[in-house]
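**Q** One structure coming up, written as structure tokens, with questions to follow.
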Amino acid sequence: MCFRSSADRPAIGYNTTMTDARYAFGSFVFDTVAGVLSRDGEPLPIGQRGAALLAALLEAKGEPVSKDDLMARGWPGVIVEEANLSVQIAALRKTLGQNDAGADWIATVPRFGYRFLRQFASKPLASEPLRPVLGVVLSEGPADAGSGYFAHAVVDGIVAALSRFKEFAVVAPPIGSLVQDGASVQQIAATLGVRYLLRCSGQRAGDRFRVTVHLLDALRAQELWAKRFDGTISELFDFEDRIAESVAGLVGPAISRAEIERARRKRPDSLDAYDLYLRALPLFRTIEPATQTEAIRLLEECVRLDPHFAAGLARAAWAYERKETFGAGISESERLRALALANAAAEEGHDDPQVMAMSAHILILLGGERQRGLAMVHDAYAANSNDAVVMPLYAFCHVFVGDLELGLRTFMRALDVSPAALMTYEYLEGISLAHLLKGEFEHAAQWALRSIAVNAQWPASWWNLASAYGHLGRKAEAEDAIQRLLIMAPTHRLSHFEPIASRYASRYMVFVEGIRKAGLPP
């Protein structure tokens, strides 16, 4: 199979020109200007093409780089066989050897390209110290399937409290991930790409709970602080705040008392309602119909027990929207119910950035309240621009109905802030959608492929890919994307998307036209 490199097309996922950055990883340093790779100060022969490919992989900051883009970088303006790329990658792997975890530095992304294992590579060397990045992970505790959701909720609560501080970024693995106790501190931190690590465990027995936390300096494998909290469920929120304050004081000593106070969240009045809320969270991101229905049931019961619990109200509204967007759709009465929940959430949680961002998202998508929604999400982002819920919702709302360029920049910032590659597929999909709505179909397809490389089960990435290929006239690839989409979401039809474009977001018609050309049934 042959590839024609596109010297006149900007490469996706890395800078198209060499920068003056140097990259350090393991015992290696790579100078992109000189194209010289050295180990312990001794230069290593990798050749011009090897240097070009290594630069492309490093500049992608751990994200996958397609074979087409690597061919364009290594062989600009020349037609060569794909085997040439394989030979060069094999030579680089032989020169670099394996990292501390016993894996190749360059990983293959099946059916797409390659990626450099950023988790073992530093960012470009700079004269100023990098902003601290804190990883929050759930350690494996005693087997207790009944309280597993509680342990995940503890981590989620700590992340939410810590993310409000501006002095450091906070990342965490997706819900459902466990970090095995046998993994070394360096291995866990390297996987997340962080400097500090907060390992947490949570157990619950009836009304009693125990939370254990350890703060570690990952570079030195040194424990900085550890504490165990025992109490009743009613004390959990205070403990989460105390944990956040203690960690913030060690990682970011300049944090003001006012910021610490702002990290405190509104407590639910009913602990039974909170229990239902926790049980719904692991189900929230599913696209499986029965699980979507169960998430809505749990959240509706939650807000029935505590109609003033802002986060529960917002999540319940969002669960309806996800059923509309990723499921079989909702009825008119369900749409009105979602809007009522979003309005109630905004009233109860007007000082909670997450609640306001979620509510704004619902009011825009299901209610067409563009100006009000944008104003609400703007305030949420101004209050907490680092929050992992607020940031992508702010970006998406702008891509959808606001400032398209601002939305694109915010998604790019989200990629930079979060070094955990497994959590970036929605950001990558959002960038793809922004390029699609701008009419930049080649870019849209490339970013969609990058999202799929991280999570092939996210239907929105396949929507974007099919639409981009439809506009590009790549009929076979467009039809293949539609087939894959319908396997995941068999009820999706053009009629699923057309009302959005006609009622709320005229710019979305570009997307609809693309999937029509790709062959999505009416």
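Chain labels A, B, ... are given in the sequence in which chains occur in the structure tokens; within each chain residues are numbered consecutively from 1, and ligands are likewise numbered from 1 in the order shown.
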Got a sec: who's within 9 Å of Ile46 in chain A, counting only C-alpha atoms, leaving out chain neighbours fewer than 2 positions off, as a ChimeraX atom specification?
**A** /A:35-37,44,48-51,88,91-92,95
**Q** Using only C-alpha atoms, which protein or nucleic acid residues come within 7 Å of Ala295 in chain A? Drop anything in the same chain fewer than 5 positions from it, and give the result as a PyMOL selection string.
**A** chain A and resi 280+283-284
**Q** Which residues are close to range 298-308 of chain A, i.e. within 12 Å by only C-alpha atoms, leaving aside same-chain residues fewer than 3 positions away? Reply as a ChimeraX atom specification.
**A** /A:266-284,291-295,311-320,334,337-338,340-350
**Q** So how many Å separate CA of Trp447 in chain A and CA of Val159 in chain A, to one decimal?
**A** 27.7 Å
**Q** Please report the interatomic distance between CA of Leu117 in chain A and CA of Asn99 in chain A in Å with one decimal.
**A** 9.2 Å
**Q** Just how far from CA of Phe326 in chain A is CA of Ser502 in chain A, in Å to one decimal?
**A** 18.8 Å
**Q** Show me, as a list in words, the residues that have an atom within 9 Å of Leu472 in chain A when counting only C-alpha atoms, minus same-chain residues fewer than 2 positions from it.
**A**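 What passes the distance filter is Phe441, Glu442, Ser467, Ala468, Tyr469, Gly470, Arg474, Lys475 and Gly514 of chain A.
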**Q** Can you pull out every residue within 10 Å of Trp458 in chain A, counting only C-alpha atoms, but drop anything in the same chain fewer than 3 positions away, and send it as a list of chain:residue names?
**A**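 These residues fall inside the cut-off: A:Arg285, A:Thr286, A:Ile287, A:Phe326, A:Tyr425, A:Glu426, A:Glu429, A:Ser451, A:Ile452, A:Val454, A:Asn455, A:Ser461, A:Trp462, A:Trp463, A:Leu485, A:Met488.
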**Q** With N, CA, C and O atoms retained, export the selected residues as a compact mmCIF listing (two decimals), in the first residue's frame.
**A**
```txt
# COMPACT_ATOMS: atom_id res chain seq x y z
N ARG A 285 -22.52 7.44 32.20
CA ARG A 285 -21.91 7.63 30.88
C ARG A 285 -22.23 6.51 29.89
O ARG A 285 -21.69 6.48 28.80
N THR A 286 -23.11 5.61 30.27
CA THR A 286 -23.43 4.50 29.39
C THR A 286 -24.31 4.95 28.22
O THR A 286 -25.01 5.95 28.30
N ILE A 287 -24.26 4.16 27.13
CA ILE A 287 -25.20 4.38 26.02
C ILE A 287 -26.14 3.19 25.89
O ILE A 287 -26.93 3.11 24.95
N PHE A 326 -27.74 10.21 22.98
CA PHE A 326 -27.02 8.96 22.72
C PHE A 326 -27.93 7.73 22.74
O PHE A 326 -27.47 6.64 22.45
N TYR A 425 -10.80 11.48 25.17
CA TYR A 425 -11.54 11.19 23.94
C TYR A 425 -12.66 12.19 23.69
O TYR A 425 -12.95 12.52 22.53
N GLU A 426 -13.32 12.68 24.75
CA GLU A 426 -14.38 13.67 24.55
C GLU A 426 -13.80 15.01 24.09
O GLU A 426 -14.42 15.71 23.29
N GLU A 429 -12.98 14.56 20.47
CA GLU A 429 -14.23 14.58 19.68
C GLU A 429 -14.77 15.99 19.56
O GLU A 429 -15.30 16.39 18.53
N SER A 451 -9.75 10.50 18.56
CA SER A 451 -10.69 10.18 19.64
C SER A 451 -11.02 8.69 19.63
O SER A 451 -11.04 8.04 20.68
N ILE A 452 -11.26 8.15 18.44
CA ILE A 452 -11.57 6.72 18.32
C ILE A 452 -10.41 5.85 18.76
O ILE A 452 -10.60 4.79 19.36
N VAL A 454 -8.49 6.43 21.16
CA VAL A 454 -8.51 6.40 22.62
C VAL A 454 -9.71 5.61 23.14
O VAL A 454 -9.61 4.82 24.07
N ASN A 455 -10.88 5.82 22.51
CA ASN A 455 -12.11 5.13 22.93
C ASN A 455 -12.99 4.89 21.71
O ASN A 455 -13.70 5.79 21.27
N SER A 461 -17.82 10.32 18.17
CA SER A 461 -16.63 10.36 17.31
C SER A 461 -16.93 9.75 15.95
O SER A 461 -16.43 10.23 14.92
N TRP A 462 -17.75 8.69 15.94
CA TRP A 462 -18.13 8.06 14.67
C TRP A 462 -19.09 8.96 13.89
O TRP A 462 -19.04 8.99 12.65
N TRP A 463 -19.97 9.72 14.60
CA TRP A 463 -20.81 10.70 13.89
C TRP A 463 -19.94 11.66 13.11
O TRP A 463 -20.16 11.92 11.93
N LEU A 485 -21.28 3.02 13.66
CA LEU A 485 -22.15 3.81 14.51
C LEU A 485 -23.44 3.06 14.81
O LEU A 485 -23.90 3.02 15.96
N MET A 488 -23.37 0.45 17.52
CA MET A 488 -23.42 1.01 18.88
C MET A 488 -24.76 1.65 19.19
O MET A 488 -25.27 1.56 20.30
```
**Q** Nearest residue to Thr108 in chain A out of A:Ala453, A:Leu215, A:Leu198, A:Ala518, using only C-alpha atoms?
**A**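 Comparing A:Ala453, A:Leu215, A:Leu198, A:Ala518 against Thr108 in chain A, the winner is A:Ala453.
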**Q** So that I can check the secondary structure, give me every residue of range 177-400 of chain A assigned strand (DSSP E) by backbone DSSP, as a PDB file with N, CA and C atoms, in the first residue's frame.
**A**
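What follows is the written file part-v7.pdb:
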```pdb
ATOM      1  N   TYR A 196       2.557  14.687  41.543  1.00  0.00           N
ATOM      2  CA  TYR A 196       2.117  14.245  42.863  1.00  0.00           C
ATOM      3  C   TYR A 196       0.982  13.243  42.716  1.00  0.00           C
ATOM      4  N   LEU A 197       0.859  12.362  43.705  1.00  0.00           N
ATOM      5  CA  LEU A 197      -0.149  11.317  43.646  1.00  0.00           C
ATOM      6  C   LEU A 197      -0.888  11.255  44.978  1.00  0.00           C
ATOM      7  N   LEU A 198      -2.210  11.258  44.898  1.00  0.00           N
ATOM      8  CA  LEU A 198      -3.055  11.085  46.082  1.00  0.00           C
ATOM      9  C   LEU A 198      -3.770   9.751  45.937  1.00  0.00           C
ATOM     10  N   ARG A 199      -3.369   8.780  46.741  1.00  0.00           N
ATOM     11  CA  ARG A 199      -3.988   7.453  46.697  1.00  0.00           C
ATOM     12  C   ARG A 199      -5.055   7.390  47.779  1.00  0.00           C
ATOM     13  N   CYS A 200      -6.261   7.009  47.378  1.00  0.00           N
ATOM     14  CA  CYS A 200      -7.407   7.026  48.290  1.00  0.00           C
ATOM     15  C   CYS A 200      -8.083   5.659  48.309  1.00  0.00           C
ATOM     16  N   SER A 201      -8.669   5.342  49.437  1.00  0.00           N
ATOM     17  CA  SER A 201      -9.536   4.174  49.519  1.00  0.00           C
ATOM     18  C   SER A 201     -10.715   4.526  50.402  1.00  0.00           C
ATOM     19  N   GLY A 202     -11.857   3.936  50.108  1.00  0.00           N
ATOM     20  CA  GLY A 202     -13.052   4.219  50.891  1.00  0.00           C
ATOM     21  C   GLY A 202     -13.861   2.965  51.127  1.00  0.00           C
ATOM     22  N   GLN A 203     -14.299   2.774  52.363  1.00  0.00           N
ATOM     23  CA  GLN A 203     -15.120   1.622  52.712  1.00  0.00           C
ATOM     24  C   GLN A 203     -16.326   2.112  53.505  1.00  0.00           C
ATOM     25  N   ARG A 204     -17.420   1.408  53.330  1.00  0.00           N
ATOM     26  CA  ARG A 204     -18.640   1.777  54.032  1.00  0.00           C
ATOM     27  C   ARG A 204     -19.292   0.537  54.618  1.00  0.00           C
ATOM     28  N   ALA A 205     -19.771   0.666  55.853  1.00  0.00           N
ATOM     29  CA  ALA A 205     -20.538  -0.395  56.494  1.00  0.00           C
ATOM     30  C   ALA A 205     -21.712   0.269  57.192  1.00  0.00           C
ATOM     31  N   ARG A 208     -21.524   3.877  58.818  1.00  0.00           N
ATOM     32  CA  ARG A 208     -20.126   4.189  59.135  1.00  0.00           C
ATOM     33  C   ARG A 208     -19.265   4.097  57.873  1.00  0.00           C
ATOM     34  N   PHE A 209     -18.187   4.854  57.831  1.00  0.00           N
ATOM     35  CA  PHE A 209     -17.267   4.785  56.701  1.00  0.00           C
ATOM     36  C   PHE A 209     -15.831   4.992  57.179  1.00  0.00           C
ATOM     37  N   ARG A 210     -14.914   4.606  56.334  1.00  0.00           N
ATOM     38  CA  ARG A 210     -13.495   4.862  56.562  1.00  0.00           C
ATOM     39  C   ARG A 210     -12.877   5.312  55.245  1.00  0.00           C
ATOM     40  N   VAL A 211     -12.167   6.421  55.271  1.00  0.00           N
ATOM     41  CA  VAL A 211     -11.436   6.925  54.109  1.00  0.00           C
ATOM     42  C   VAL A 211      -9.966   7.039  54.489  1.00  0.00           C
ATOM     43  N   THR A 212      -9.101   6.453  53.673  1.00  0.00           N
ATOM     44  CA  THR A 212      -7.653   6.524  53.910  1.00  0.00           C
ATOM     45  C   THR A 212      -7.004   7.205  52.708  1.00  0.00           C
ATOM     46  N   VAL A 213      -6.142   8.175  52.966  1.00  0.00           N
ATOM     47  CA  VAL A 213      -5.487   8.917  51.886  1.00  0.00           C
ATOM     48  C   VAL A 213      -3.985   8.990  52.151  1.00  0.00           C
ATOM     49  N   HIS A 214      -3.221   8.908  51.063  1.00  0.00           N
ATOM     50  CA  HIS A 214      -1.772   9.046  51.110  1.00  0.00           C
ATOM     51  C   HIS A 214      -1.354  10.011  50.014  1.00  0.00           C
ATOM     52  N   LEU A 215      -0.655  11.077  50.355  1.00  0.00           N
ATOM     53  CA  LEU A 215      -0.103  12.021  49.384  1.00  0.00           C
ATOM     54  C   LEU A 215       1.367  11.707  49.194  1.00  0.00           C
ATOM     55  N   LEU A 216       1.762  11.508  47.926  1.00  0.00           N
ATOM     56  CA  LEU A 216       3.131  11.095  47.635  1.00  0.00           C
ATOM     57  C   LEU A 216       3.768  12.016  46.608  1.00  0.00           C
ATOM     58  N   ASP A 217       5.048  12.259  46.766  1.00  0.00           N
ATOM     59  CA  ASP A 217       5.864  12.909  45.748  1.00  0.00           C
ATOM     60  C   ASP A 217       6.330  11.807  44.811  1.00  0.00           C
ATOM     61  N   GLN A 222       8.237   9.441  47.699  1.00  0.00           N
ATOM     62  CA  GLN A 222       8.270   9.802  49.118  1.00  0.00           C
ATOM     63  C   GLN A 222       6.873  10.178  49.588  1.00  0.00           C
ATOM     64  N   GLU A 223       6.465   9.605  50.722  1.00  0.00           N
ATOM     65  CA  GLU A 223       5.167   9.947  51.278  1.00  0.00           C
ATOM     66  C   GLU A 223       5.259  11.288  51.996  1.00  0.00           C
ATOM     67  N   LEU A 224       4.389  12.218  51.609  1.00  0.00           N
ATOM     68  CA  LEU A 224       4.383  13.549  52.208  1.00  0.00           C
ATOM     69  C   LEU A 224       3.386  13.665  53.356  1.00  0.00           C
ATOM     70  N   TRP A 225       2.305  12.881  53.264  1.00  0.00           N
ATOM     71  CA  TRP A 225       1.238  13.019  54.253  1.00  0.00           C
ATOM     72  C   TRP A 225       0.302  11.834  54.120  1.00  0.00           C
ATOM     73  N   ALA A 226      -0.216  11.373  55.237  1.00  0.00           N
ATOM     74  CA  ALA A 226      -1.176  10.273  55.223  1.00  0.00           C
ATOM     75  C   ALA A 226      -2.124  10.442  56.397  1.00  0.00           C
ATOM     76  N   LYS A 227      -3.370  10.045  56.181  1.00  0.00           N
ATOM     77  CA  LYS A 227      -4.340  10.148  57.261  1.00  0.00           C
ATOM     78  C   LYS A 227      -5.502   9.205  57.008  1.00  0.00           C
ATOM     79  N   ARG A 228      -6.090   8.735  58.094  1.00  0.00           N
ATOM     80  CA  ARG A 228      -7.276   7.894  58.014  1.00  0.00           C
ATOM     81  C   ARG A 228      -8.425   8.620  58.691  1.00  0.00           C
ATOM     82  N   PHE A 229      -9.579   8.610  58.036  1.00  0.00           N
ATOM     83  CA  PHE A 229     -10.764   9.284  58.559  1.00  0.00           C
ATOM     84  C   PHE A 229     -11.844   8.234  58.805  1.00  0.00           C
ATOM     85  N   ASP A 230     -12.354   8.203  60.032  1.00  0.00           N
ATOM     86  CA  ASP A 230     -13.460   7.316  60.383  1.00  0.00           C
ATOM     87  C   ASP A 230     -14.614   8.162  60.888  1.00  0.00           C
ATOM     88  N   GLY A 231     -15.816   7.829  60.461  1.00  0.00           N
ATOM     89  CA  GLY A 231     -16.953   8.598  60.944  1.00  0.00           C
ATOM     90  C   GLY A 231     -18.247   8.091  60.367  1.00  0.00           C
ATOM     91  N   THR A 232     -19.268   8.912  60.494  1.00  0.00           N
ATOM     92  CA  THR A 232     -20.577   8.586  59.925  1.00  0.00           C
ATOM     93  C   THR A 232     -20.714   9.277  58.582  1.00  0.00           C
TER      94      THR A 232
END
```
**Q** Write out as number ranges by chain all residues of range 333-411 of chain A that DSSP puts in helix (DSSP H, G or I) for this structure's backbone.
**A** A: 333-348, 353-365, 370-383, 390-401, 404-411
**Q** Neighbouring residues of Tyr381 in chain A were defined as those with any atom within 8 Å, considering only C-alpha atoms; residues of the same chain fewer than 5 positions away were excluded. Please report them as a PyMOL selection string.
**A** chain A and resi 353+357+390-391+394
